[in-house]
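Everything below belongs to work-v1.cif, which stores mmCIF, C-alpha atoms.
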```cif
data_model
#
loop_
_atom_site.label_atom_id
_atom_site.label_comp_id
_atom_site.auth_asym_id
_atom_site.auth_seq_id
_atom_site.Cartn_x
_atom_site.Cartn_y
_atom_site.Cartn_z
CA MET A 1 -54.86 6.55 -33.48
CA LEU A 2 -55.48 7.71 -29.92
CA ARG A 3 -56.76 4.25 -28.99
CA ARG A 4 -53.60 2.66 -30.42
CA LEU A 5 -51.34 4.97 -28.41
CA THR A 6 -53.37 4.19 -25.28
CA LEU A 7 -52.92 0.45 -25.82
CA ILE A 8 -49.14 0.87 -26.34
CA SER A 9 -48.84 2.99 -23.18
CA ALA A 10 -50.81 0.39 -21.22
CA LYS A 11 -48.51 -2.40 -22.42
CA GLN A 12 -45.38 -0.39 -21.52
CA LEU A 13 -46.77 0.37 -18.06
CA THR A 14 -47.62 -3.31 -17.50
CA ARG A 15 -44.12 -4.35 -18.61
CA SER A 16 -42.51 -1.69 -16.37
CA GLN A 17 -44.56 -2.78 -13.37
CA SER A 18 -43.65 -6.43 -14.03
CA THR A 19 -39.96 -5.58 -14.24
CA SER A 20 -40.16 -3.45 -11.08
CA THR A 21 -41.94 -6.23 -9.21
CA GLN A 22 -39.39 -8.78 -10.36
CA GLY A 23 -36.50 -6.49 -9.31
CA ALA A 24 -38.04 -5.94 -5.90
CA LYS A 25 -38.20 -9.69 -5.32
CA GLU A 26 -34.48 -10.17 -6.03
CA LYS A 27 -32.42 -10.75 -2.91
CA TRP A 28 -28.66 -10.20 -2.84
CA ASP A 29 -26.12 -11.54 -0.35
CA LEU A 30 -23.95 -8.80 1.15
CA TYR A 31 -20.22 -9.49 1.45
CA ALA A 32 -17.34 -7.49 2.89
CA GLY A 33 -13.97 -7.70 1.15
CA ILE A 34 -10.69 -6.39 2.53
CA LEU A 35 -7.81 -4.92 0.56
CA VAL A 36 -4.84 -5.40 2.90
CA GLU A 37 -1.78 -3.58 1.63
CA ARG A 38 1.80 -3.64 2.79
CA LEU A 39 3.10 -0.19 1.94
CA PRO A 40 6.56 0.36 0.37
CA VAL A 41 9.46 0.08 2.82
CA VAL A 42 12.04 1.96 0.75
CA SER A 43 11.77 4.64 -1.90
CA LYS A 44 11.70 3.80 -5.58
CA THR A 45 15.01 3.45 -7.40
CA LEU A 46 15.54 6.53 -9.55
CA ASN A 47 15.99 6.14 -13.27
CA PRO A 48 18.85 8.06 -14.98
CA LEU A 49 16.68 11.07 -15.83
CA GLU A 50 15.28 11.28 -12.27
CA ARG A 51 18.80 10.98 -10.85
CA GLN A 52 20.06 13.78 -13.08
CA PHE A 53 17.16 16.02 -12.07
CA GLN A 54 17.74 15.26 -8.37
CA ASP A 55 21.43 16.17 -8.71
CA LEU A 56 20.44 19.43 -10.38
CA LEU A 57 18.04 20.32 -7.56
CA SER A 58 20.69 19.46 -4.97
CA GLN A 59 23.21 21.71 -6.71
CA VAL A 60 20.74 24.61 -6.88
CA GLU A 61 19.83 24.15 -3.22
CA TYR A 62 23.51 24.07 -2.25
CA GLU A 63 24.28 27.27 -4.18
CA ASN A 64 21.35 29.13 -2.62
CA SER A 65 21.90 27.87 0.93
CA LEU A 66 23.50 29.73 3.82
CA LYS A 67 26.60 28.47 5.56
CA SER A 68 26.01 26.06 8.42
CA ASP A 69 27.34 26.49 11.95
CA PHE A 70 29.95 23.84 11.23
CA GLU A 71 31.25 25.72 8.17
CA LEU A 72 31.39 29.00 10.09
CA LYS A 73 33.32 27.31 12.91
CA HIS A 74 35.74 25.82 10.39
CA GLU A 75 36.37 29.26 8.88
CA ARG A 76 37.02 30.75 12.37
CA ASP A 77 39.46 27.93 13.15
CA LEU A 78 41.38 28.54 9.91
CA LEU A 79 41.51 32.29 10.59
CA GLN A 80 42.75 31.75 14.13
CA LYS A 81 45.38 29.30 12.88
CA GLU A 82 46.68 31.89 10.40
CA LEU A 83 46.80 34.59 13.10
CA ILE A 84 48.78 32.27 15.35
CA LYS A 85 51.31 31.66 12.57
CA GLN A 86 51.74 35.41 12.16
CA GLY A 87 52.21 35.83 15.91
CA LYS A 88 49.25 38.14 16.24
CA VAL A 89 47.49 35.87 18.75
CA GLN A 90 48.94 34.34 21.88
CA VAL A 91 48.05 30.70 22.47
CA ASP A 92 47.37 29.03 25.79
CA LEU A 93 48.81 25.52 25.36
CA ASP A 94 46.37 23.99 27.82
CA ASP A 95 43.39 25.47 25.96
CA SER A 96 44.74 24.51 22.53
CA VAL A 97 45.16 20.86 23.55
CA ALA A 98 41.64 20.62 24.98
CA LYS A 99 40.01 22.42 22.07
CA GLN A 100 38.39 20.33 19.37
CA THR A 101 38.46 22.03 15.99
CA ALA A 102 35.99 21.65 13.16
CA GLN A 103 38.64 19.73 11.22
CA ASP A 104 38.89 17.20 14.07
CA LEU A 105 35.12 16.70 13.90
CA LYS A 106 35.28 16.33 10.13
CA ASP A 107 37.96 13.64 10.37
CA ALA A 108 35.94 11.79 13.01
CA TYR A 109 32.84 11.94 10.80
CA LYS A 110 34.78 10.50 7.86
CA GLU A 111 36.02 7.58 9.95
CA GLU A 112 32.46 6.87 11.13
CA LEU A 113 31.17 7.05 7.55
CA LYS A 114 33.67 4.41 6.45
CA LYS A 115 32.08 1.96 8.90
CA PHE A 116 28.56 2.60 7.57
CA GLN A 117 27.16 0.07 5.11
CA VAL A 118 24.02 0.66 3.08
CA ALA A 119 21.44 -2.10 3.50
CA PRO A 120 20.54 -3.99 0.31
CA ARG A 121 17.29 -3.13 -1.45
CA THR A 122 16.57 -6.81 -2.07
CA THR A 123 16.17 -9.57 0.51
CA PRO A 124 16.67 -13.35 0.60
CA ASP A 125 12.90 -13.72 0.14
CA ASP A 126 13.23 -11.82 -3.14
CA ALA A 127 15.85 -14.29 -4.34
CA ALA A 128 13.71 -17.24 -3.23
CA ASN A 129 10.55 -15.65 -4.70
CA LYS A 130 8.73 -16.38 -1.44
CA LEU A 131 5.25 -15.10 -2.25
CA THR A 132 3.96 -15.57 1.30
CA SER A 133 6.53 -13.15 2.73
CA THR A 134 6.05 -9.43 3.29
CA ASP A 135 9.84 -8.98 3.40
CA ARG A 136 10.17 -8.68 -0.38
CA CYS A 137 9.50 -6.17 -3.17
CA LEU A 138 10.41 -3.43 -0.71
CA GLU A 139 9.91 -0.69 -3.31
CA ASP A 140 6.34 -1.72 -4.15
CA THR A 141 2.99 -2.01 -2.42
CA LEU A 142 2.00 -5.63 -1.81
CA TYR A 143 -1.61 -6.79 -1.66
CA LEU A 144 -2.92 -9.85 0.17
CA VAL A 145 -4.89 -12.44 -1.78
CA VAL A 146 -6.24 -15.72 -0.40
CA LYS A 147 -7.68 -18.78 -2.07
CA GLN A 148 -11.38 -19.14 -1.36
CA LYS A 149 -14.06 -21.43 -2.74
CA LEU A 150 -16.55 -19.52 -4.82
CA GLY A 151 -19.26 -21.81 -6.10
CA GLU A 152 -17.69 -25.10 -7.12
CA GLN A 153 -14.19 -23.73 -7.78
CA GLU A 154 -11.42 -22.08 -5.78
CA HIS A 155 -10.07 -18.70 -6.77
CA PHE A 156 -7.46 -16.24 -5.50
CA VAL A 157 -9.41 -13.17 -4.32
CA LEU A 158 -9.20 -10.49 -1.67
CA PRO A 159 -10.32 -11.88 1.73
CA GLN A 160 -14.10 -11.71 1.79
CA GLY A 161 -17.03 -13.09 3.74
CA LEU A 162 -20.79 -12.94 4.18
CA ARG A 163 -22.36 -10.31 6.41
CA LYS A 164 -24.26 -11.53 9.48
CA ASP A 165 -27.47 -9.99 10.79
CA GLY A 166 -26.85 -7.06 13.12
CA GLU A 167 -23.35 -6.31 11.78
CA SER A 168 -22.23 -3.18 10.04
CA MET A 169 -20.18 -3.76 6.91
CA ARG A 170 -17.06 -2.52 8.72
CA GLN A 171 -17.65 -5.05 11.52
CA THR A 172 -18.09 -7.76 8.92
CA ALA A 173 -14.79 -6.80 7.31
CA GLU A 174 -12.94 -7.01 10.65
CA ARG A 175 -14.51 -10.37 11.54
CA VAL A 176 -13.89 -11.89 8.12
CA LEU A 177 -10.23 -10.86 8.11
CA SER A 178 -9.72 -12.39 11.56
CA GLU A 179 -11.49 -15.62 10.59
CA ARG A 180 -9.78 -15.99 7.21
CA CYS A 181 -6.26 -14.90 8.12
CA GLY A 182 -5.91 -15.41 11.88
CA LYS A 183 -5.39 -12.94 14.70
CA ASP A 184 -1.63 -12.54 14.13
CA LEU A 185 -2.35 -10.26 11.18
CA GLN A 186 -2.51 -6.73 12.60
CA VAL A 187 -3.96 -4.09 10.29
CA LEU A 188 -5.29 -0.55 10.42
CA PHE A 189 -8.59 0.09 8.64
CA TYR A 190 -8.68 3.48 6.94
CA GLY A 191 -12.34 4.22 7.66
CA ASN A 192 -15.91 3.03 7.94
CA ALA A 193 -16.79 3.66 4.30
CA PRO A 194 -15.99 1.12 1.57
CA VAL A 195 -13.55 2.09 -1.18
CA GLY A 196 -14.91 -0.19 -3.88
CA PHE A 197 -17.80 -2.36 -5.00
CA HIS A 198 -18.38 -5.49 -7.10
CA LYS A 199 -21.40 -7.63 -7.75
CA TYR A 200 -22.07 -10.85 -9.62
CA LYS A 201 -24.94 -13.26 -10.08
CA TYR A 202 -24.83 -16.88 -9.04
CA PRO A 203 -25.25 -19.59 -11.67
CA SER A 204 -28.91 -20.48 -12.17
CA LYS A 205 -28.47 -23.91 -10.58
CA GLN A 206 -26.95 -22.43 -7.42
CA ARG A 207 -29.61 -19.79 -6.77
CA SER A 208 -31.76 -20.59 -3.78
CA GLU A 209 -32.81 -17.49 -1.85
CA SER A 210 -30.37 -14.99 -3.39
CA VAL A 211 -29.66 -14.20 -6.99
CA GLY A 212 -26.09 -13.06 -6.40
CA ALA A 213 -23.55 -11.30 -4.19
CA LYS A 214 -22.68 -7.65 -3.65
CA ILE A 215 -19.17 -7.11 -2.26
CA PHE A 216 -18.17 -3.90 -0.48
CA PHE A 217 -14.38 -3.53 -0.25
CA TYR A 218 -12.54 -1.90 2.66
CA ARG A 219 -8.92 -0.77 2.62
CA ALA A 220 -6.53 -1.65 5.45
CA SER A 221 -2.80 -1.18 5.99
CA LEU A 222 -0.57 -3.92 7.38
CA ARG A 223 0.98 -3.00 10.71
CA ALA A 224 2.56 -6.29 11.85
CA GLY A 225 2.32 -10.05 11.59
CA ASN A 226 1.21 -12.28 8.76
CA VAL A 227 -1.45 -14.83 7.95
CA ASN A 228 -1.47 -17.45 10.69
CA VAL A 229 -0.91 -20.60 8.66
CA GLU A 230 -1.09 -22.91 11.69
CA GLN A 231 -4.53 -21.65 12.61
CA GLN A 232 -5.84 -21.10 9.10
CA ALA A 233 -4.41 -23.47 6.51
CA VAL A 234 -5.44 -21.22 3.65
CA PRO A 235 -3.21 -20.59 0.62
CA TYR A 236 -2.28 -16.92 0.43
CA GLU A 237 0.16 -14.64 -1.36
CA TRP A 238 1.41 -11.05 -1.13
CA LEU A 239 1.55 -9.64 -4.65
CA PRO A 240 2.38 -6.32 -6.34
CA LYS A 241 -0.23 -4.75 -8.58
CA GLU A 242 1.01 -6.21 -11.86
CA THR A 243 1.19 -9.77 -10.53
CA LEU A 244 -2.14 -9.36 -8.74
CA ASN A 245 -3.93 -8.69 -12.02
CA LYS A 246 -2.44 -11.83 -13.53
CA LYS A 247 -3.36 -13.93 -10.51
CA ILE A 248 -7.06 -13.03 -10.58
CA ASN A 249 -8.67 -14.95 -13.41
CA ASN A 250 -11.98 -13.07 -13.35
CA ALA A 251 -11.75 -10.06 -15.64
CA LYS A 252 -14.76 -8.20 -14.18
CA TYR A 253 -13.59 -8.79 -10.61
CA ALA A 254 -10.10 -7.54 -11.50
CA GLU A 255 -11.60 -4.48 -13.19
CA SER A 256 -13.57 -3.60 -10.04
CA ILE A 257 -10.46 -3.95 -7.87
CA ASN A 258 -8.23 -1.88 -10.15
CA LYS A 259 -10.50 1.11 -9.64
CA PHE A 260 -9.20 1.57 -6.09
CA LEU A 261 -5.67 0.18 -6.34
CA ILE A 262 -2.91 2.77 -5.93
#
```
So, in terms of structure tokens, how does the structure I just supplied come out?
Amino acid sequence: MLRRLTLISAKQLTRSQSTSTQGAKEKWDLYAGILVERLPVVSKTLNPLERQFQDLLSQVEYENSLKSDFELKHERDLLQKELIKQGKVQVDLDDSVAKQTAQDLKDAYKEELKKFQVAPRTTPDDAANKLTSTDRCLEDTLYLVVKQKLGEQEHFVLPQGLRKDGESMRQTAERVLSERCGKDLQVLFYGNAPVGFHKYKYPSKQRSESVGAKIFFYRASLRAGNVNVEQQAVPYEWLPKETLNKKINNAKYAESINKFLI
């Protein structure tokens, strides 16, 4: 019995060592991917329940608030006007003409408000469904996807590229974004640490030195510009989260990305 257990333990150790040796020989290509997001430009449209709650909070705040300087001035003007009618206060005509009352200011504010027009929450690019424009879906966060060749096929993915020797992953992310999307795209990287990770193995026929790729994703915020189409003729789109998930046809890749989407 003891001999049998010894033989089983020896076989397990041999198998473990073989697996460990095989794993140590595996080489992975390191990639940097960039999640470029255009943050919302306007606040979300309130639904009826949110609007009702906001009105309630405004009413409570109004009831608990103190009177403003404008309201106090208006009350003093009304009191002085009543005293003048009763003859209890003498009026200097020169001073009364030059004086601007709170009511005068209120009338001027109303006239200025009539000239004010609220900007629309939708743009011509919304109507045209121009997916390459950042001037659309102003209430949502838009994410940049580009078409890249992965293996023998092209897919819409986050901009990504292979790390070069001597580069940090953050440096790779900055270089890849500039090479893929041009220098007109100005972004702000949030930090040196990646926010997400994804890995996949190459098809058996395409494996040469590496068995697969490990992608480290970095988050960046759009500051100005867009993909330079003249310099980089690469298909690209700016998509909200729901559309982004439909655009990416790799379920595992989409699952990895959704872990750090806001």
Excluding Ala224 of chain A and any residue of its chain fewer than 5 positions from it, enumerate the residues within 9 Å of it, using all atoms listed in the file, and give them as a PDB file with C-alpha atoms, in the coordinates of the input.
```
ATOM      1  CA  ASP A 184      -1.630 -12.540  14.130  1.00  0.00           C
ATOM      2  CA  LEU A 185      -2.350 -10.260  11.180  1.00  0.00           C
ATOM      3  CA  GLN A 186      -2.510  -6.730  12.600  1.00  0.00           C
ATOM      4  CA  VAL A 187      -3.960  -4.090  10.290  1.00  0.00           C
TER       5      VAL A 187
END
```
- Counting all atoms listed in the file, what is within 7 Å of segment 99-110 of chain A, bar same-chain residues fewer than 5 positions away, as a ChimeraX atom specification? /A:70,73-74,77
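With all atoms listed in the file as the atoms that count, the residue of A:Asn64, A:Thr132, A:Gln153, A:Thr123 with the shortest distance to Asn228 of chain A is A:Thr132.
Note that atom CA of Ala173 of chain A and atom CA of Gly161 of chain A are 7.6 Å apart.
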Exercise for review: Pick out the closest residue to Asn245 of chain A from this set: A:Val41, A:Ala32, A:Val157, A:Val195. Count all atoms listed in the file.
Suggested key: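 Looking at the shortest contact to Asn245 of chain A, the residue is A:Val157.
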Fill in: Two-atom distance - atom CA of Tyr200 of chain A, atom CA of Ser178 of chain A (Å)
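Between atom CA of Tyr200 of chain A and atom CA of Ser178 of chain A the gap is 24.6 Å.
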- Residues selected by the PyMOL selection byres ((chain A and resi 45) around 12), written as a list of chain:residue names: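 Those residues are A:Pro40, A:Val42, A:Ser43, A:Lys44, A:Leu46, A:Asn47, A:Pro48, A:Leu49, A:Glu50, A:Arg51, A:Arg121, A:Thr122, A:Cys137, A:Leu138, A:Glu139, A:Asp140.
Comparing the minimum interatomic distances between Asn250 of chain A and each of A:Lys81, A:Arg180, A:Arg38, A:His198, counting only C-alpha atoms, we find that A:His198 sits nearest.
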Counting only C-alpha atoms, the residue of A:Lys246, A:Ala119, A:Gln59, A:Gly151 that sits nearest Pro203 of chain A
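Checking each candidate against Pro203 of chain A, we get A:Gly151 as the closest.
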